[in-house]
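**Q** One file is attached below, structure_23.txt, containing compact mmCIF, C-alpha atoms.
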# COMPACT_ATOMS: atom_id res chain seq x y z
CA MET P 4 173.64 45.98 422.75
CA MET P 5 173.16 47.67 426.16
CA LYS P 6 176.41 48.64 427.82
CA LYS P 7 177.15 47.06 431.20
CA ASN P 8 176.07 49.06 434.23
CA TYR P 9 179.25 49.29 436.27
CA LEU P 10 177.79 51.46 439.02
CA GLU P 11 177.24 48.52 441.38
CA ASP P 12 180.86 47.43 440.94
CA ILE P 13 182.10 50.98 441.51
CA LEU P 14 180.04 51.43 444.68
CA ASN P 15 181.33 48.12 446.06
CA CYS P 16 184.98 48.88 445.26
CA LEU P 17 185.20 52.48 446.44
CA PRO P 18 185.54 51.85 450.20
CA SER P 19 188.56 49.58 449.70
CA ILE P 20 190.41 52.17 447.60
CA SER P 21 189.61 55.26 449.69
CA LYS P 22 193.23 56.46 449.57
CA GLN P 23 192.83 56.79 445.78
CA HIS P 24 189.71 59.00 445.90
CA GLY P 25 191.57 62.22 445.12
CA ARG P 26 191.32 63.63 441.61
CA GLY P 27 194.39 62.94 439.51
CA THR P 28 194.94 59.33 440.55
CA LYS P 29 194.76 56.70 437.83
CA ILE P 30 192.02 54.83 439.68
CA PHE P 31 189.90 57.97 439.98
CA GLU P 32 190.25 58.60 436.25
CA LEU P 33 189.31 54.99 435.42
CA PHE P 34 186.30 54.92 437.75
CA GLU P 35 185.17 58.34 436.56
CA ALA P 36 185.14 57.13 432.95
CA LEU P 37 183.22 53.99 433.96
CA SER P 38 180.65 55.97 435.94
CA ILE P 39 180.05 58.40 433.06
CA ASN P 40 179.68 55.51 430.62
CA SER P 41 177.29 53.59 432.85
CA THR P 42 175.10 56.58 433.66
CA ALA P 43 174.92 57.76 430.05
CA SER P 44 173.87 54.30 428.81
CA SER P 45 171.30 53.77 431.56
CA ASN P 46 167.56 54.35 431.69
CA LEU P 47 168.20 57.43 433.87
CA LYS P 48 167.89 59.46 430.67
CA ASP P 49 164.14 58.78 430.60
CA PRO P 50 162.13 61.74 431.99
CA ILE P 51 159.21 59.48 432.95
CA GLU P 52 160.57 56.02 433.76
CA GLY P 53 164.16 56.89 434.65
CA LYS P 54 165.63 54.23 436.92
CA ILE P 55 168.74 52.12 437.51
CA ASP P 56 169.89 49.09 439.48
CA PHE P 57 171.99 50.81 442.13
CA GLY P 58 173.80 47.98 443.85
CA SER P 59 173.08 47.52 447.56
CA PHE P 60 170.58 50.39 447.40
CA GLY P 61 168.38 48.33 445.07
CA GLU P 62 166.37 49.83 442.24
CA LEU P 63 166.61 53.61 442.19
CA LYS P 64 163.92 55.61 440.40
CA PHE P 65 165.17 59.06 439.41
CA PRO P 66 163.60 60.47 436.22
CA TYR P 67 165.69 62.73 434.01
CA TYR P 68 165.38 66.48 434.63
CA LYS P 69 167.34 69.48 433.39
CA MET P 70 168.37 72.20 435.87
CA GLY P 71 169.75 74.64 433.32
CA ALA P 72 173.18 73.57 432.08
CA ILE P 73 173.22 70.73 434.64
CA ASP P 74 170.95 67.71 434.54
CA THR P 75 170.22 64.74 436.79
CA LEU P 76 172.88 62.59 435.11
CA ASP P 77 175.47 64.97 436.56
CA LEU P 78 174.27 64.03 440.06
CA PHE P 79 175.86 60.58 439.54
CA GLY P 80 179.45 61.77 439.05
CA LEU P 81 182.25 59.89 440.79
CA ASP P 82 182.57 62.43 443.61
CA GLU P 83 178.91 61.75 444.42
CA LEU P 84 179.32 57.99 444.07
CA ILE P 85 182.11 58.19 446.66
CA ILE P 86 179.67 59.80 449.10
CA PHE P 87 176.99 57.22 448.28
CA SER P 88 179.45 54.40 448.95
CA PHE P 89 180.26 56.03 452.29
CA TYR P 90 176.56 56.00 453.18
CA ASN P 91 176.29 52.33 452.29
CA ILE P 92 179.31 51.13 454.25
CA ASN P 93 178.20 53.18 457.27
CA LYS P 94 174.51 52.36 457.13
CA ASN P 95 174.70 50.68 460.56
CA ARG P 96 176.79 53.49 462.10
CA TYR P 97 174.25 56.30 461.73
CA ARG P 98 170.55 56.49 462.53
CA LYS P 99 169.40 60.08 461.96
CA SER P 100 170.71 62.33 459.20
CA ALA P 101 170.20 65.76 457.68
CA ASP P 102 170.43 66.44 453.96
CA ILE P 103 171.20 70.17 453.81
CA GLY P 104 170.88 71.48 450.27
CA ALA P 105 168.81 68.48 449.23
CA ASN P 106 168.24 69.58 445.63
CA LEU P 107 166.02 66.93 443.97
CA GLY P 108 166.47 64.48 446.81
CA LEU P 109 168.97 61.90 445.53
CA HIS P 110 170.96 61.92 448.78
CA SER P 111 167.77 61.88 450.87
CA VAL P 112 166.49 58.83 448.96
CA LEU P 113 169.74 56.92 449.44
CA MET P 114 170.05 57.90 453.12
CA SER P 115 166.54 56.59 453.64
CA LYS P 116 167.40 53.37 451.80
CA CYS P 117 170.17 52.95 454.40
CA GLY P 118 167.44 52.85 457.05
CA TRP P 119 168.13 56.35 458.38
CA GLN P 120 165.55 58.91 459.42
CA VAL P 121 166.23 61.96 457.26
CA GLU P 122 165.59 65.68 457.75
CA SER P 123 165.77 67.13 454.25
CA TYR P 124 166.36 70.88 453.74
CA GLU P 125 165.64 72.51 450.37
CA PRO P 126 164.55 76.16 450.06
CA ASP P 127 163.73 76.27 446.33
CA PRO P 128 160.03 75.38 445.94
CA VAL P 129 160.59 73.96 442.45
CA HIS P 130 163.27 71.59 443.70
CA ALA P 131 161.23 70.77 446.81
CA SER P 132 158.30 69.68 444.64
CA LEU P 133 160.53 67.34 442.64
CA LEU P 134 162.09 66.12 445.88
CA ARG P 135 158.63 65.06 447.08
CA ARG P 136 158.00 63.25 443.81
CA ASN P 137 161.30 61.37 443.96
CA LEU P 138 160.72 60.28 447.55
CA ALA P 139 157.30 58.92 446.57
CA LEU P 140 158.66 57.13 443.49
CA ASN P 141 161.13 55.29 445.73
CA ASN P 142 158.61 54.63 448.53
CA VAL P 143 160.79 56.30 451.15
CA GLU P 144 158.67 59.35 452.00
CA SER P 145 157.77 57.94 455.43
CA ASN P 146 161.45 58.14 456.50
CA VAL P 147 162.06 61.68 455.22
CA THR P 148 160.80 65.00 456.56
CA ILE P 149 160.99 67.83 454.02
CA ASN P 150 161.86 71.27 455.37
CA GLU P 151 161.47 74.02 452.76
CA LYS P 152 164.21 76.07 454.38
CA ALA P 153 167.77 77.18 453.85
CA ILE P 154 170.38 76.82 456.61
CA SER P 155 172.64 79.49 458.03
CA ASP P 156 174.08 80.54 461.39
CA LYS P 157 170.74 81.82 462.70
CA GLU P 158 167.02 81.54 462.05
CA GLY P 159 164.91 84.06 460.15
CA THR P 160 164.24 84.94 456.52
CA LEU P 161 166.78 85.81 453.83
CA GLU P 162 166.87 86.53 450.12
CA PHE P 163 167.52 83.48 447.95
CA LEU P 164 169.02 83.64 444.46
CA ARG P 165 167.90 80.99 441.98
CA VAL P 166 170.53 80.73 439.24
CA VAL P 167 168.32 79.98 436.25
CA GLY P 168 171.18 78.66 434.10
CA ASN P 169 172.22 76.16 436.80
CA THR P 170 169.77 75.79 439.64
CA THR P 171 172.18 73.48 441.50
CA GLY P 172 174.23 76.68 442.06
CA SER P 173 171.38 78.65 443.66
CA HIS P 174 172.27 80.19 447.02
CA LEU P 175 171.48 82.63 449.79
CA ALA P 176 172.24 86.26 448.93
CA GLY P 177 175.83 87.11 449.84
CA ALA P 178 177.10 83.53 449.79
CA LYS P 179 178.78 84.11 446.42
CA SER P 180 180.52 87.30 445.39
CA LYS P 181 179.62 87.20 441.68
CA PRO P 182 176.31 85.48 440.84
CA TYR P 183 176.15 84.78 437.13
CA GLY P 184 173.47 84.79 434.45
CA GLU P 185 169.74 85.20 434.93
CA ILE P 186 168.71 85.33 438.60
CA ASP P 187 165.31 84.86 440.24
CA ARG P 188 165.20 86.46 443.68
CA PHE P 189 162.76 85.56 446.45
CA THR P 190 162.60 85.29 450.23
CA VAL P 191 163.01 81.95 452.01
CA ASN P 192 162.78 80.74 455.57
CA VAL P 193 166.08 79.94 457.22
CA ALA P 194 166.88 77.52 460.06
CA SER P 195 170.03 77.62 462.16
CA ILE P 196 172.66 74.90 462.09
CA ALA P 197 172.45 74.85 465.90
CA SER P 198 168.84 73.63 465.64
CA ILE P 199 170.01 70.60 463.65
CA MET P 200 173.28 69.47 465.21
CA GLY P 201 172.69 67.31 468.24
CA ASN P 202 169.43 66.03 466.76
CA VAL P 203 171.17 64.02 464.01
CA ASP P 204 174.36 61.96 463.94
CA PHE P 205 175.26 62.65 460.30
CA ILE P 206 174.93 65.68 458.02
CA LYS P 207 175.53 65.98 454.29
CA MET P 208 175.83 69.67 453.41
CA ASP P 209 176.04 71.36 450.02
CA VAL P 210 175.09 75.02 450.50
CA GLU P 211 176.87 76.81 447.66
CA GLY P 212 179.13 79.17 449.58
CA GLN P 213 177.22 79.40 452.87
CA GLU P 214 179.39 76.70 454.49
CA LYS P 215 181.81 79.20 456.05
CA GLN P 216 179.08 81.08 457.89
CA ILE P 217 177.42 77.86 459.01
CA ILE P 218 180.46 75.93 460.23
CA THR P 219 182.19 78.87 461.92
CA SER P 220 179.05 79.33 464.05
CA THR P 221 179.36 75.82 465.55
CA THR P 222 180.73 75.02 468.99
CA LYS P 223 182.77 72.03 470.14
CA GLU P 224 179.66 70.61 471.79
CA HIS P 225 177.85 70.55 468.43
CA TRP P 226 180.34 68.02 467.06
CA LYS P 227 180.22 65.64 470.00
CA GLU P 228 177.72 63.27 468.38
CA THR P 229 177.54 64.56 464.79
CA ASP P 230 179.68 63.93 461.69
CA MET P 231 179.45 66.02 458.51
CA MET P 232 180.29 65.56 454.84
CA VAL P 233 180.53 69.00 453.23
CA GLU P 234 181.45 70.65 449.94
CA ILE P 235 183.57 73.80 450.24
CA GLY P 236 183.36 76.39 447.48
CA THR P 237 186.29 78.79 447.88
CA SER P 238 189.78 79.00 449.35
CA GLU P 239 188.58 81.79 451.66
CA ASN P 240 185.89 79.52 453.06
CA ALA P 241 188.36 76.64 453.36
CA ASP P 242 190.84 78.77 455.35
CA ALA P 243 188.17 80.06 457.73
CA ILE P 244 186.76 76.57 458.33
CA PHE P 245 190.25 75.13 458.90
CA GLU P 246 191.03 77.80 461.50
CA HIS P 247 187.69 77.33 463.27
CA LEU P 248 187.97 73.55 463.47
CA ALA P 249 191.56 73.86 464.72
CA ARG P 250 190.41 76.17 467.52
CA LEU P 251 187.75 73.62 468.51
CA SER P 252 190.16 70.65 468.17
CA ILE P 253 187.76 68.98 465.70
CA ASN P 254 189.24 66.73 463.02
CA ALA P 255 188.76 67.03 459.27
CA PHE P 256 189.57 64.55 456.50
CA SER P 257 190.00 65.64 452.89
CA GLN P 258 189.08 63.68 449.77
CA LYS P 259 191.83 65.46 447.81
CA THR P 260 194.48 63.74 450.00
CA GLY P 261 192.83 60.32 450.08
CA TRP P 262 190.90 61.18 453.25
CA ALA P 263 194.02 61.81 455.32
CA MET P 264 193.54 63.98 458.41
CA VAL P 265 193.95 67.63 457.48
CA LYS P 266 197.04 69.20 459.03
CA SER P 267 197.34 72.42 457.00
CA LYS P 268 195.21 74.79 454.95
CA ASP P 269 196.78 73.45 451.75
CA GLU P 270 195.17 70.06 452.41
CA MET P 271 191.66 71.53 452.52
CA PRO P 272 189.44 71.23 449.43
CA ASN P 273 188.66 74.72 448.16
CA SER P 274 186.18 73.98 445.35
CA HIS P 275 183.79 71.22 444.32
CA ARG P 276 186.49 70.05 441.91
CA GLU P 277 188.60 68.90 444.87
CA GLY P 278 185.94 66.73 446.44
CA SER P 279 184.42 66.73 449.90
CA LEU P 280 185.55 67.30 453.48
CA PHE P 281 184.55 64.97 456.32
CA ILE P 282 184.36 66.60 459.77
CA SER P 283 184.27 64.53 462.97
CA VAL P 284 185.66 64.01 466.45
CA LYS P 285 186.77 60.59 465.17
CA ASP P 286 190.51 59.97 464.78
CA GLU P 287 190.08 58.48 461.31
CA MET P 288 187.44 58.37 458.63
CA PRO P 289 185.31 55.20 458.81
CA TRP P 290 185.83 53.50 455.46
CA GLY P 291 185.78 49.94 456.70
Can I see the file as structure tokens?
**A**
Amino acid sequence: MMKKNYLEDILNCLPSISKQHGRGTKIFELFEALSINSTASSNLKDPIEGKIDFGSFGELKFPYYKMGAIDTLDLFGLDELIIFSFYNINKNRYRKSADIGANLGLHSVLMSKCGWQVESYEPDPVHASLLRRNLALNNVESNVTINEKAISDKEGTLEFLRVVGNTTGSHLAGAKSKPYGEIDRFTVNVASIASIMGNVDFIKMDVEGQEKQIITSTTKEHWKETDMMVEIGTSENADAIFEHLARLSINAFSQKTGWAMVKSKDEMPNSHREGSLFISVKDEMPWG
């Protein structure tokens, strides 16, 4: 007998329990177990016909694919579902978004299903090809522009390191101090964060260590009309981002504290295991 797909229930419940989104709460542990169970028992394991009923987003087609030690099922973890639920509840708040570090395009697909125009940034040509396929499978390619570029503080070209054992961890050279395993190195085009902010009202950013360089290059004016959901990879990056946002008087809200406004460095997430950071001029995070 097929196990019940609880993902729709989880997505619907998450906004109302936002204060329990930090790891370590009983609700997080329960919902995490449910999400793993539902994803593992779903048709998302099929490399050809992979799909799932994804609540308000409708049918989602996302065929199974391995990216080294990580596979597409890992892209549906509870931390990601929290972000997806944020998209859904704010689908009428935003109009234009950027998916920076788009990977295989799951976030771009769901942003487009919210009715947003999406600028999708992915420098790895292998991932970019699969991103195109996934947009077409979900009939959302008309709402998404693919930019085969990385993002940093300025435009140009830089060396990119593809981590063969986990291509979700690939990054610009210098973004991580100790790259691990087999590495493919090649040059990619790079756009500046300044060329994006002001043209979109929401950014999701997962740049594997480059977030410090990107965010500390922003000005107060950049944040006037733009919110950002970002993953922070190290305590060093978290401290630098905290200090920069404090200087600009820009607010940040941390998943690890139930999306409370960040008042100290200790409240900043400093790895993907502590969830995301929401950056905005807003006085509170819009969960309802």
**Q** I'd like the box whose edges run along x, y and z of the file and which contains every listed atom of stretch 43-52 of chain P, padded by 6 Å per side; could you state its centre and edge lengths in Å, one decimal, as JSON?
**A**
{"center_x": 167.1, "center_y": 57.8, "center_z": 431.3, "size_x": 27.7, "size_y": 20.0, "size_z": 17.1}
**Q** Could I get the residues of stretch 66-121 of chain P with an atom no further than 12 Å from an atom of stretch 193-204 of chain P, each paired with its nearest atom pair and that distance in Å to one decimal, using all atoms listed in the file, sorted by chain and residue number, as JSON lines?
**A**
{"residue": "P:Asn93", "atom": "CA", "partner": "P:Asp204", "partner_atom": "CA", "distance": 11.7}
{"residue": "P:Lys94", "atom": "CA", "partner": "P:Asp204", "partner_atom": "CA", "distance": 11.8}
{"residue": "P:Asn95", "atom": "CA", "partner": "P:Asp204", "partner_atom": "CA", "distance": 11.8}
{"residue": "P:Arg96", "atom": "CA", "partner": "P:Asp204", "partner_atom": "CA", "distance": 9.0}
{"residue": "P:Tyr97", "atom": "CA", "partner": "P:Asp204", "partner_atom": "CA", "distance": 6.1}
{"residue": "P:Arg98", "atom": "CA", "partner": "P:Asp204", "partner_atom": "CA", "distance": 6.8}
{"residue": "P:Lys99", "atom": "CA", "partner": "P:Val203", "partner_atom": "CA", "distance": 4.8}
{"residue": "P:Ser100", "atom": "CA", "partner": "P:Val203", "partner_atom": "CA", "distance": 5.1}
{"residue": "P:Ala101", "atom": "CA", "partner": "P:Val203", "partner_atom": "CA", "distance": 6.6}
{"residue": "P:Asp102", "atom": "CA", "partner": "P:Val203", "partner_atom": "CA", "distance": 10.4}
{"residue": "P:Ile103", "atom": "CA", "partner": "P:Ile196", "partner_atom": "CA", "distance": 9.6}
{"residue": "P:Gly104", "atom": "CA", "partner": "P:Val193", "partner_atom": "CA", "distance": 12.0}
{"residue": "P:Trp119", "atom": "CA", "partner": "P:Val203", "partner_atom": "CA", "distance": 10.0}
{"residue": "P:Gln120", "atom": "CA", "partner": "P:Val203", "partner_atom": "CA", "distance": 8.9}
{"residue": "P:Val121", "atom": "CA", "partner": "P:Val203", "partner_atom": "CA", "distance": 8.6}
**Q** Once you have the residues from the selection above, write them out as a PDB file, keeping the file's coordinate frame, restricted to C-alpha atoms.
**A**
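See again25.pdb below for the written result:
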ATOM      1  CA  ASN P  93     178.200  53.180 457.270  1.00  0.00           C
ATOM      2  CA  LYS P  94     174.510  52.360 457.130  1.00  0.00           C
ATOM      3  CA  ASN P  95     174.700  50.680 460.560  1.00  0.00           C
ATOM      4  CA  ARG P  96     176.790  53.490 462.100  1.00  0.00           C
ATOM      5  CA  TYR P  97     174.250  56.300 461.730  1.00  0.00           C
ATOM      6  CA  ARG P  98     170.550  56.490 462.530  1.00  0.00           C
ATOM      7  CA  LYS P  99     169.400  60.080 461.960  1.00  0.00           C
ATOM      8  CA  SER P 100     170.710  62.330 459.200  1.00  0.00           C
ATOM      9  CA  ALA P 101     170.200  65.760 457.680  1.00  0.00           C
ATOM     10  CA  ASP P 102     170.430  66.440 453.960  1.00  0.00           C
ATOM     11  CA  ILE P 103     171.200  70.170 453.810  1.00  0.00           C
ATOM     12  CA  GLY P 104     170.880  71.480 450.270  1.00  0.00           C
ATOM     13  CA  TRP P 119     168.130  56.350 458.380  1.00  0.00           C
ATOM     14  CA  GLN P 120     165.550  58.910 459.420  1.00  0.00           C
ATOM     15  CA  VAL P 121     166.230  61.960 457.260  1.00  0.00           C
TER      16      VAL P 121
END
**Q** Which neighbours of P:Phe89 fall inside 9 Å, counting all atoms listed in the file, when residues of the same chain fewer than 6 positions from it are skipped, and could you give them as an MDAnalysis selection string?
**A** chainID P and resid 14 17:18 289:290
**Q** Would you be able to write out as a ChimeraX atom specification which residues have an atom within 10 Å of (181.0, 56.5, 431.6) in the file's coordinates, counting only C-alpha atoms?
**A** /P:6,8-10,33-44,80-81
**Q** Might you pull out every residue within 9 Å of P:Ser283, with all atoms listed in the file counted and same-chain residues fewer than 5 positions away left off, and present them as a list of chain:residue names?
**A**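 Once the adjacent positions are removed, what remains is P:Trp226, P:Lys227, P:Glu228, P:Thr229, P:Asp230, P:Met231, P:Ile253, P:Asn254, P:Ala255, P:Phe256, P:Met288.
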**Q** So which residues touch P:Tyr90 within 8 Å, counting all atoms listed in the file, skipping near sequence neighbours fewer than 6 positions away, as a ChimeraX atom specification?
**A** /P:113-114,117
**Q** Fewer than 5 positions away in the same chain doesn't count, so skip those; otherwise give me all residues within 8 Å of P:Phe57, counting all atoms listed in the file, as a list in words.
**A**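 Listed by chain and then number, they are Leu10, Glu11, Glu62 and Leu63 of chain P.
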**Q** Could you check which of P:Leu138, P:Leu280, P:Ala131, P:Ile154 is closest to P:Ala178, using all atoms listed in the file?
**A**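 Checking each of P:Leu138, P:Leu280, P:Ala131, P:Ile154 against P:Ala178, counting all atoms listed in the file, the winner is P:Ile154.
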**Q** To one decimal place, how far is atom CA of P:Asn141 from atom CA of P:Thr170 in Å?
**A**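 Going from atom CA of P:Asn141 over to atom CA of P:Thr170 covers 23.1 Å.
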**Q** Produce a table with one row for each residue of stretch 101-197 of chain P that has an atom at most 12 Å from any atom of stretch 209-222 of chain P, each row naming the nearest atom pair and its distance in Å at one decimal; use only C-alpha atoms; arrange rows by chain and rising residue number; format as CSV.
**A**
residue,atom,partner,partner_atom,distance
P:Ala101,CA,P:Asp209,CA,11.1
P:Asp102,CA,P:Asp209,CA,8.4
P:Ile103,CA,P:Asp209,CA,6.3
P:Gly104,CA,P:Asp209,CA,5.2
P:Ala105,CA,P:Asp209,CA,7.8
P:Asn106,CA,P:Asp209,CA,9.1
P:His110,CA,P:Asp209,CA,10.8
P:Ser123,CA,P:Asp209,CA,11.9
P:Tyr124,CA,P:Val210,CA,10.2
P:Glu125,CA,P:Val210,CA,9.8
P:Pro126,CA,P:Val210,CA,10.6
P:Lys152,CA,P:Val210,CA,11.6
P:Ala153,CA,P:Val210,CA,8.3
P:Ile154,CA,P:Ile217,CA,7.5
P:Ser155,CA,P:Ile217,CA,5.1
P:Asp156,CA,P:Ile217,CA,4.9
P:Lys157,CA,P:Ile217,CA,8.6
P:Glu158,CA,P:Ile217,CA,11.4
P:Phe163,CA,P:Glu211,CA,11.5
P:Leu164,CA,P:Glu211,CA,10.9
P:Arg165,CA,P:Glu211,CA,11.4
P:Val166,CA,P:Glu211,CA,11.2
P:Asn169,CA,P:Glu211,CA,11.8
P:Thr170,CA,P:Glu211,CA,10.8
P:Thr171,CA,P:Glu211,CA,8.4
P:Gly172,CA,P:Glu211,CA,6.2
P:Ser173,CA,P:Glu211,CA,7.0
P:His174,CA,P:Glu211,CA,5.7
P:Leu175,CA,P:Gln213,CA,7.3
P:Ala176,CA,P:Gln213,CA,9.3
P:Gly177,CA,P:Gln213,CA,8.4
P:Ala178,CA,P:Gly212,CA,4.8
P:Lys179,CA,P:Gly212,CA,5.9
P:Ser180,CA,P:Gly212,CA,9.3
P:Lys181,CA,P:Gly212,CA,11.3
P:Pro182,CA,P:Glu211,CA,11.0
P:Val193,CA,P:Ile217,CA,11.7
P:Ala194,CA,P:Ile217,CA,10.6
P:Ser195,CA,P:Ile217,CA,8.0
P:Ile196,CA,P:Ile217,CA,6.4
P:Ala197,CA,P:Thr221,CA,7.0
**Q** Will you give me stretch 58-73 of chain P, written with N, CA, C and O atoms and laid out as a PDB file, in the first residue's frame?
**A**
ATOM      1  N   GLY P  58       0.810  20.097  -3.269  1.00  0.00           N
ATOM      2  CA  GLY P  58      -0.094  21.033  -2.612  1.00  0.00           C
ATOM      3  C   GLY P  58      -0.539  22.157  -3.522  1.00  0.00           C
ATOM      4  O   GLY P  58      -0.939  21.932  -4.671  1.00  0.00           O
ATOM      5  N   SER P  59      -0.472  23.385  -3.027  1.00  0.00           N
ATOM      6  CA  SER P  59      -0.932  24.559  -3.786  1.00  0.00           C
ATOM      7  C   SER P  59      -0.130  24.790  -5.052  1.00  0.00           C
ATOM      8  O   SER P  59      -0.584  25.505  -5.954  1.00  0.00           O
ATOM      9  N   PHE P  60       1.055  24.191  -5.138  1.00  0.00           N
ATOM     10  CA  PHE P  60       1.867  24.338  -6.347  1.00  0.00           C
ATOM     11  C   PHE P  60       1.382  23.424  -7.469  1.00  0.00           C
ATOM     12  O   PHE P  60       1.844  23.547  -8.600  1.00  0.00           O
ATOM     13  N   GLY P  61       0.482  22.498  -7.156  1.00  0.00           N
ATOM     14  CA  GLY P  61      -0.007  21.565  -8.153  1.00  0.00           C
ATOM     15  C   GLY P  61       0.969  20.426  -8.392  1.00  0.00           C
ATOM     16  O   GLY P  61       1.851  20.151  -7.573  1.00  0.00           O
ATOM     17  N   GLU P  62       0.815  19.756  -9.520  1.00  0.00           N
ATOM     18  CA  GLU P  62       1.713  18.647  -9.839  1.00  0.00           C
ATOM     19  C   GLU P  62       3.107  19.193 -10.149  1.00  0.00           C
ATOM     20  O   GLU P  62       3.265  20.122 -10.939  1.00  0.00           O
ATOM     21  N   LEU P  63       4.103  18.599  -9.528  1.00  0.00           N
ATOM     22  CA  LEU P  63       5.493  18.986  -9.737  1.00  0.00           C
ATOM     23  C   LEU P  63       6.225  17.826 -10.392  1.00  0.00           C
ATOM     24  O   LEU P  63       6.246  16.709  -9.861  1.00  0.00           O
ATOM     25  N   LYS P  64       6.799  18.066 -11.557  1.00  0.00           N
ATOM     26  CA  LYS P  64       7.589  17.057 -12.249  1.00  0.00           C
ATOM     27  C   LYS P  64       9.071  17.340 -11.999  1.00  0.00           C
ATOM     28  O   LYS P  64       9.578  18.402 -12.367  1.00  0.00           O
ATOM     29  N   PHE P  65       9.736  16.382 -11.372  1.00  0.00           N
ATOM     30  CA  PHE P  65      11.145  16.572 -11.023  1.00  0.00           C
ATOM     31  C   PHE P  65      11.827  15.202 -10.986  1.00  0.00           C
ATOM     32  O   PHE P  65      11.997  14.602  -9.928  1.00  0.00           O
ATOM     33  N   PRO P  66      12.237  14.691 -12.144  1.00  0.00           N
ATOM     34  CA  PRO P  66      12.827  13.354 -12.223  1.00  0.00           C
ATOM     35  C   PRO P  66      14.062  13.194 -11.340  1.00  0.00           C
ATOM     36  O   PRO P  66      14.829  14.133 -11.145  1.00  0.00           O
ATOM     37  N   TYR P  67      14.233  11.981 -10.851  1.00  0.00           N
ATOM     38  CA  TYR P  67      15.342  11.658  -9.955  1.00  0.00           C
ATOM     39  C   TYR P  67      16.681  11.826 -10.668  1.00  0.00           C
ATOM     40  O   TYR P  67      16.851  11.451 -11.835  1.00  0.00           O
ATOM     41  N   TYR P  68      17.660  12.387  -9.927  1.00  0.00           N
ATOM     42  CA  TYR P  68      19.005  12.591 -10.485  1.00  0.00           C
ATOM     43  C   TYR P  68      20.001  12.615  -9.342  1.00  0.00           C
ATOM     44  O   TYR P  68      19.766  13.241  -8.306  1.00  0.00           O
ATOM     45  N   LYS P  69      21.118  11.922  -9.513  1.00  0.00           N
ATOM     46  CA  LYS P  69      22.169  11.905  -8.502  1.00  0.00           C
ATOM     47  C   LYS P  69      23.212  12.968  -8.811  1.00  0.00           C
ATOM     48  O   LYS P  69      23.641  13.115  -9.954  1.00  0.00           O
ATOM     49  N   MET P  70      23.622  13.702  -7.785  1.00  0.00           N
ATOM     50  CA  MET P  70      24.653  14.740  -7.896  1.00  0.00           C
ATOM     51  C   MET P  70      25.815  14.361  -6.979  1.00  0.00           C
ATOM     52  O   MET P  70      26.192  15.088  -6.075  1.00  0.00           O
ATOM     53  N   GLY P  71      26.360  13.184  -7.205  1.00  0.00           N
ATOM     54  CA  GLY P  71      27.362  12.640  -6.300  1.00  0.00           C
ATOM     55  C   GLY P  71      26.664  12.000  -5.120  1.00  0.00           C
ATOM     56  O   GLY P  71      25.731  11.208  -5.277  1.00  0.00           O
ATOM     57  N   ALA P  72      27.105  12.339  -3.916  1.00  0.00           N
ATOM     58  CA  ALA P  72      26.515  11.759  -2.704  1.00  0.00           C
ATOM     59  C   ALA P  72      25.106  12.275  -2.440  1.00  0.00           C
ATOM     60  O   ALA P  72      24.339  11.673  -1.692  1.00  0.00           O
ATOM     61  N   ILE P  73      24.749  13.393  -3.038  1.00  0.00           N
ATOM     62  CA  ILE P  73      23.437  14.023  -2.879  1.00  0.00           C
ATOM     63  C   ILE P  73      22.576  13.686  -4.093  1.00  0.00           C
ATOM     64  O   ILE P  73      23.083  13.570  -5.214  1.00  0.00           O
TER      65      ILE P  73
END
